[in-house]
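Shown next, in structure tokens, is the structure this report addresses.
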Amino acid sequence: MAKAIVWFRKDLRLEDNPALDKALELGLEIIPVYIYAPKEESFKLGKQKVDIGAASKVWLHYALKNLPELIIREGDSLEELEKLIKETGASHLFWNRRYEPFIIKRDKEIKNTLSKSVIIESFNASLLIEPWQILNKQGTPYKVFTPYYKRIKVEFAFDKPRAKHQLKKIEYPSIALKDLNLLPENSWHESIVEFWQLNKATNEFLHSFQARNYEEERNRLDLEGTSRVSPYLAWGQISPRQVWYKYLKSKNSEAYLRQLIWREFSYYLMYHFPQSINQALNEKFKNFQWDNSPEALQKWQQGQTGFDVVDAAMNQLWQTGWMHNRARMIVASFLSKDLLIAWQEGAAWFWDTLVDADLANNTMGWQWVAGSGADAAPYFRIFNPETQAKKFDPSASYQDTWLKEKSVQIVDHKFARERALGLYKTLN
DNA sequence: TGAAATGTTGGGGCG
DNA sequence: ACGCCCCAACATTTC
């Protein structure tokens with residue numbers, strides 16, 4: 001029986017998995033593998049080099065634990081695949097695509113090298129639409145969300161998710177999950193594991209979520225108004241098609257599904273503007289003088305800015321590996337406008353601490369708030385943390401839940417606002 | 001997916 | 001009854 005290696009990456013699921021389906025369709029024996037290769041995930045973000053964040057590793061650990069059939073390898077992807085081809089005599093190699101520029105480059109090299117010995121095919125498992133499928137009338141990529149969104153609504157229907165398959169556990173040399181050392185030695189991750197019920201196979205909150213009141217409640221910090229599907233999407237434990245079809249026919253789902261298209265848009269931008277993962281998309285920002293204050297950055301990271309809603313949100317991030325989207329906007333506006341710290345510094349902190357760290361979404365979100373991105377918030381849009389808290393945490397229960405201790409305010413918002421307006425204005 | 005400053009309106013107190 | 005003032009509420013403009 002001929003064999004196919006199915007290389008799992010950010011598609012850690014057995015349902016609606018096109019690479020896996022293809023191998024099954026062809027009637028091949030499946031050799032499912034995950035290769036842990038943090039060096040290949042490395043990229044520059046601001047002043048630092050980063051690879052897989054600490055929170056991401058925690059999530060990855062449990063995602064892999066839920067797929068015990070996977071053969072786990074560690075090291076250089078090309079070398080490990082070559083070894084595996086030799087060991088198994090596989091004739092096919094299938095995987096689902098990723099879109100980070102450095103991963104596209106790596107995958108191309110692997111395809112070039114290994115296609116001499118095996119049949120290779122890659123598939124789309126992570127997006128509703130491939131980024132190269134849509135261009136505007138001038139034949140260039142859209143840079144504004146609304147026309148992109150309208151175009152999709154008019155022209156595209158998405159494939160239905162495919163059925164779930166079982167994998168057989170096969171015996172090939174495999175590293176034990178615990179030997180990847182994905183969990184930290186201290187107990188920082190314990191509250192994350194508890195919050196997400198990572199020890200259980202299914203997340204009840206995720207499955208009980210209804211999009212019915214999403215449009216009104218999605219911005220409320222003090223309600224459970226969002227689906228918290230982001231880490232599952234980031235790791236491919238759920239496909240966007242599954243999410244799309246789960247909510248398509250439910251009442252008032254439009255606002256929710258629109259957010260899925262925002263996710264598409266962020267991948268679209270990363271694909272067409274790959275340098276934007278570390279550089280301002282808007283040329284005007286190329287030489288913008290951000291303030292380099294390690295002290296202020298640290299206060300922000302540790303939730304000690306003295307602005308209750310900001311500090312609460314930073315604690316929520318630290319304790320759960322996740323932050324409410326409205327809170328992300330508030331803390332990002334505070335970092336880039338009140339503190340004038342480069343968005344890359346904030347993006348790097350999010351990268352390390354978010355269980356849903358996703359390069360496309362993280363980049364777009366930060367550039368959007370900083371004003372340097374596509375379809376970005378105008379420079380004068382500066383959030384007032386106290387006003388935001390009154391509006392979106394009227395019961396103050398969000399702040400009560402996540403604020404550990406009160407701090408002294410590290411800037412005067414009114415002054416900081418004026419300062420930011422003055423500086424940003426010089427760009428125009 | 002803002003907030004603050006500025007402008008306008010209209011009700012009510014009061015001489 | 002009238003004009004004047006105050007100011008809240010809302011609208012518009014500006015950053």
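Here's how to read the names in the structure tokens: chain A, B, ... by the order shown, residue numbers from 1 in each chain, ligand numbers from 1 in the order shown.
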Can you list every residue in range 77-118 of chain A that DSSP puts in strand (DSSP E or B), as a PDB file with N, CA and C atoms, in the first residue's frame?
```pdb
ATOM      1  N   HIS A  92       3.999  10.102  -1.378  1.00  0.00           N
ATOM      2  CA  HIS A  92       3.287  11.377  -1.460  1.00  0.00           C
ATOM      3  C   HIS A  92       3.535  12.208  -0.192  1.00  0.00           C
ATOM      4  N   LEU A  93       3.478  13.523  -0.400  1.00  0.00           N
ATOM      5  CA  LEU A  93       3.599  14.446   0.736  1.00  0.00           C
ATOM      6  C   LEU A  93       2.572  15.556   0.552  1.00  0.00           C
ATOM      7  N   PHE A  94       1.662  15.650   1.506  1.00  0.00           N
ATOM      8  CA  PHE A  94       0.597  16.667   1.419  1.00  0.00           C
ATOM      9  C   PHE A  94       0.647  17.587   2.632  1.00  0.00           C
ATOM     10  N   TRP A  95       0.345  18.864   2.397  1.00  0.00           N
ATOM     11  CA  TRP A  95       0.171  19.777   3.534  1.00  0.00           C
ATOM     12  C   TRP A  95      -0.804  20.885   3.173  1.00  0.00           C
ATOM     13  N   ASN A  96      -1.256  21.578   4.200  1.00  0.00           N
ATOM     14  CA  ASN A  96      -2.112  22.745   4.002  1.00  0.00           C
ATOM     15  C   ASN A  96      -1.281  24.012   4.113  1.00  0.00           C
TER      16      ASN A  96
END
```
**Item:** Expected answer as a VMD selection string: chain B residues within 9 Å of chain A, only C-alpha atoms (C1' of nucleotides)
**Value:** chain B and resid 1 to 3
May I have the selected residues written with N, CA and C atoms (P, O5', C5', C4', C3', O3' and C1' of nucleotides), as a PDB file, in the first residue's frame?
```pdb
ATOM      1  P    DT B   1     -18.450  51.059  12.984  1.00  0.00           P
ATOM      2  O5'  DT B   1     -17.107  51.561  13.742  1.00  0.00           O
ATOM      3  C5'  DT B   1     -17.327  51.773  15.098  1.00  0.00           C
ATOM      4  C4'  DT B   1     -16.014  51.682  15.828  1.00  0.00           C
ATOM      5  C3'  DT B   1     -14.940  52.571  15.186  1.00  0.00           C
ATOM      6  O3'  DT B   1     -14.340  53.332  16.204  1.00  0.00           O
ATOM      7  C1'  DT B   1     -14.100  50.409  15.529  1.00  0.00           C
ATOM      8  P    DG B   2     -14.178  54.939  15.989  1.00  0.00           P
ATOM      9  O5'  DG B   2     -13.370  55.334  17.297  1.00  0.00           O
ATOM     10  C5'  DG B   2     -13.950  55.243  18.557  1.00  0.00           C
ATOM     11  C4'  DG B   2     -13.128  56.166  19.422  1.00  0.00           C
ATOM     12  C3'  DG B   2     -13.977  56.783  20.505  1.00  0.00           C
ATOM     13  O3'  DG B   2     -13.148  56.900  21.625  1.00  0.00           O
ATOM     14  C1'  DG B   2     -13.231  58.480  19.028  1.00  0.00           C
ATOM     15  P    DA B   3     -13.768  57.451  22.937  1.00  0.00           P
ATOM     16  O5'  DA B   3     -13.398  58.992  22.809  1.00  0.00           O
ATOM     17  C5'  DA B   3     -12.020  59.335  22.729  1.00  0.00           C
ATOM     18  C4'  DA B   3     -11.882  60.821  22.741  1.00  0.00           C
ATOM     19  C3'  DA B   3     -12.718  61.539  23.806  1.00  0.00           C
ATOM     20  O3'  DA B   3     -11.823  62.403  24.456  1.00  0.00           O
ATOM     21  C1'  DA B   3     -13.129  62.490  21.682  1.00  0.00           C
TER      22       DA B   3
END
```
**Message:** List as a list in words the protein and nucleic acid residues near Tyr142 in chain A, meaning an atom at most 10 Å away when only C-alpha atoms (C1' of nucleotides) are counted, but skip any in the same chain fewer than 3 places from it.
**Reply:** Ile134, Leu135, Asn136, Lys137, Gln138, Gly139, Phe145, Thr146, Pro147, Tyr148, Tyr149, Phe265, Tyr268, Leu269, His272, Ala374 and Asp375 of chain A
**Message:** I'd like the neighbourhood of Thr226 in chain A as a list in words, where a residue qualifies if any of its atoms comes within 9 Å (using only C-alpha atoms (C1' of nucleotides)), though same-chain residues fewer than 5 positions away should be ignored.
**Reply:** Phe209, Gln210, Ala211, Tyr214, Glu217, Arg218, Asn219, Arg220, Tyr256, His324 and Asn325 of chain A
With C-alpha atoms retained, write the just-selected residues as a short mmCIF file (atom, residue, chain, number, x, y, z; two decimals), in the first residue's frame.
```cif
data_model
loop_
_atom_site.label_atom_id
_atom_site.label_comp_id
_atom_site.auth_asym_id
_atom_site.auth_seq_id
_atom_site.Cartn_x
_atom_site.Cartn_y
_atom_site.Cartn_z
CA PHE A 209 -21.83 30.62 21.80
CA GLN A 210 -24.64 32.17 19.76
CA ALA A 211 -24.09 35.14 17.48
CA TYR A 214 -23.22 39.92 18.60
CA GLU A 217 -22.59 42.83 22.71
CA ARG A 218 -19.32 42.29 20.86
CA ASN A 219 -17.88 45.50 22.27
CA ARG A 220 -18.97 44.93 25.82
CA TYR A 256 -20.16 38.07 13.28
CA HIS A 324 -11.18 41.07 24.53
CA ASN A 325 -11.01 42.78 21.13
#
```
**Message:** Can you pull out the residues contacting Ser122 in chain A? Cut-off 12 Å, using only C-alpha atoms (C1' of nucleotides), and skip same-chain residues under 5 positions away; I want them as a VMD selection string.
**Reply:** chain A and resid 5 to 9 17 to 23 92 to 98 104 107 to 108 110 to 111 115
Output C-alpha atoms for every residue in that selection, as a compact mmCIF listing (two decimals), in the first residue's frame.
```
# COMPACT_ATOMS: atom_id res chain seq x y z
CA ILE A 5 2.96 11.84 4.64
CA VAL A 6 0.42 14.38 5.81
CA TRP A 7 2.40 17.22 7.34
CA PHE A 8 0.31 18.96 9.99
CA ARG A 9 1.21 22.58 10.70
CA ASN A 17 -8.71 19.10 6.43
CA PRO A 18 -8.07 19.04 2.66
CA ALA A 19 -4.54 17.61 2.79
CA LEU A 20 -5.74 14.72 4.88
CA ASP A 21 -8.81 14.25 2.69
CA LYS A 22 -6.71 14.05 -0.43
CA ALA A 23 -4.56 11.27 0.99
CA HIS A 92 3.29 11.38 -1.46
CA LEU A 93 3.60 14.45 0.74
CA PHE A 94 0.60 16.67 1.42
CA TRP A 95 0.17 19.78 3.53
CA ASN A 96 -2.11 22.75 4.00
CA ARG A 97 -0.76 26.17 3.14
CA ARG A 98 0.52 28.84 5.46
CA ILE A 104 6.08 30.58 2.15
CA ASP A 107 7.79 25.69 1.91
CA LYS A 108 8.89 26.59 -1.60
CA ILE A 110 11.03 22.13 0.55
CA LYS A 111 8.77 21.63 -2.45
CA SER A 115 9.46 16.97 -5.45
```
**Message:** Could you pull out the alpha helix (DSSP H) residues of range 53-165 of chain A, going by DSSP on the backbone, and write them as JSON, numbers by chain?
**Reply:** {"A": [54, 55, 56, 57, 58, 59, 60, 61, 62, 63, 64, 65, 77, 78, 79, 80, 81, 82, 83, 84, 85, 86, 87, 88, 101, 102, 103, 104, 105, 106, 107, 108, 109, 110, 111, 112, 113, 114, 145, 146, 147, 148, 149, 150, 151, 152, 153, 154, 155]}
**Request:** Please provide as a PyMOL selection string all residues within 9 Å of Ile277 in chain A, with the sequence filter that same-chain residues fewer than 4 positions apart are discarded (counting only C-alpha atoms (C1' of nucleotides)).
**Result:** chain A and resi 43-45+100-101+270+273+281+344+359-360+362-364
**Request:** Tell me, as a list in words, which residues lie within 7 Å of range 49-55 of chain A, counting only C-alpha atoms (C1' of nucleotides); anything in the same chain fewer than 2 positions away does not count.
**Result:** Pro38, Lys39, Glu41, Ser42, Phe43, Lys44, Leu45, Lys57, Val58, Trp59, Gly321, Trp351, Asp352, Thr353, Leu354 and Val355 of chain A
Atoms to include: N, CA and C atoms. Write the selected residues as a compact mmCIF listing (two decimals), in the first residue's frame.
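As written to disk, again02.txt reads:
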```
# COMPACT_ATOMS: atom_id res chain seq x y z
N PRO A 38 11.00 25.67 15.72
CA PRO A 38 10.89 27.09 16.09
C PRO A 38 11.84 28.00 15.32
N LYS A 39 13.01 27.48 14.94
CA LYS A 39 13.96 28.32 14.20
C LYS A 39 13.35 28.82 12.89
N GLU A 41 10.35 29.53 12.43
CA GLU A 41 9.25 30.47 12.73
C GLU A 41 9.79 31.85 13.10
N SER A 42 11.09 31.99 13.00
CA SER A 42 11.74 33.20 13.50
C SER A 42 11.58 34.38 12.52
N PHE A 43 11.28 35.54 13.07
CA PHE A 43 11.22 36.76 12.25
C PHE A 43 11.48 37.97 13.13
N LYS A 44 11.77 39.07 12.49
CA LYS A 44 12.11 40.28 13.24
C LYS A 44 10.84 41.09 13.51
N LEU A 45 10.71 41.52 14.75
CA LEU A 45 9.56 42.34 15.14
C LEU A 45 10.09 43.47 16.01
N LYS A 57 3.10 28.37 22.75
CA LYS A 57 3.65 27.04 23.05
C LYS A 57 2.73 26.26 23.97
N VAL A 58 2.15 26.97 24.95
CA VAL A 58 1.21 26.31 25.86
C VAL A 58 0.03 25.75 25.06
N TRP A 59 -0.51 26.61 24.20
CA TRP A 59 -1.66 26.16 23.41
C TRP A 59 -1.29 24.99 22.49
N GLY A 321 -4.07 34.49 28.51
CA GLY A 321 -3.51 34.35 27.17
C GLY A 321 -4.41 34.94 26.10
N TRP A 351 2.52 38.96 20.82
CA TRP A 351 3.00 37.74 20.17
C TRP A 351 3.43 36.70 21.20
N ASP A 352 4.04 37.20 22.27
CA ASP A 352 4.56 36.29 23.29
C ASP A 352 3.47 35.80 24.24
N THR A 353 2.43 36.61 24.42
CA THR A 353 1.48 36.31 25.50
C THR A 353 0.09 35.86 25.04
N LEU A 354 -0.21 35.98 23.77
CA LEU A 354 -1.53 35.58 23.28
C LEU A 354 -1.55 34.11 22.87
N VAL A 355 -2.54 33.39 23.31
CA VAL A 355 -2.68 32.01 22.82
C VAL A 355 -3.20 32.00 21.38
```
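Picture a line from CA of Leu67 in chain A to CA of Lys83 in chain A; it runs 21.8 Å.
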**Request:** Record the distance separating CA of Ala376 in chain A and CA of Ala396 in chain A, expressed in Å with one decimal.
**Result:** 29.0 Å
**Fill in**
note - CA of Met1 in chain A and CA of Leu24 in chain A are separated by 12.3 Å
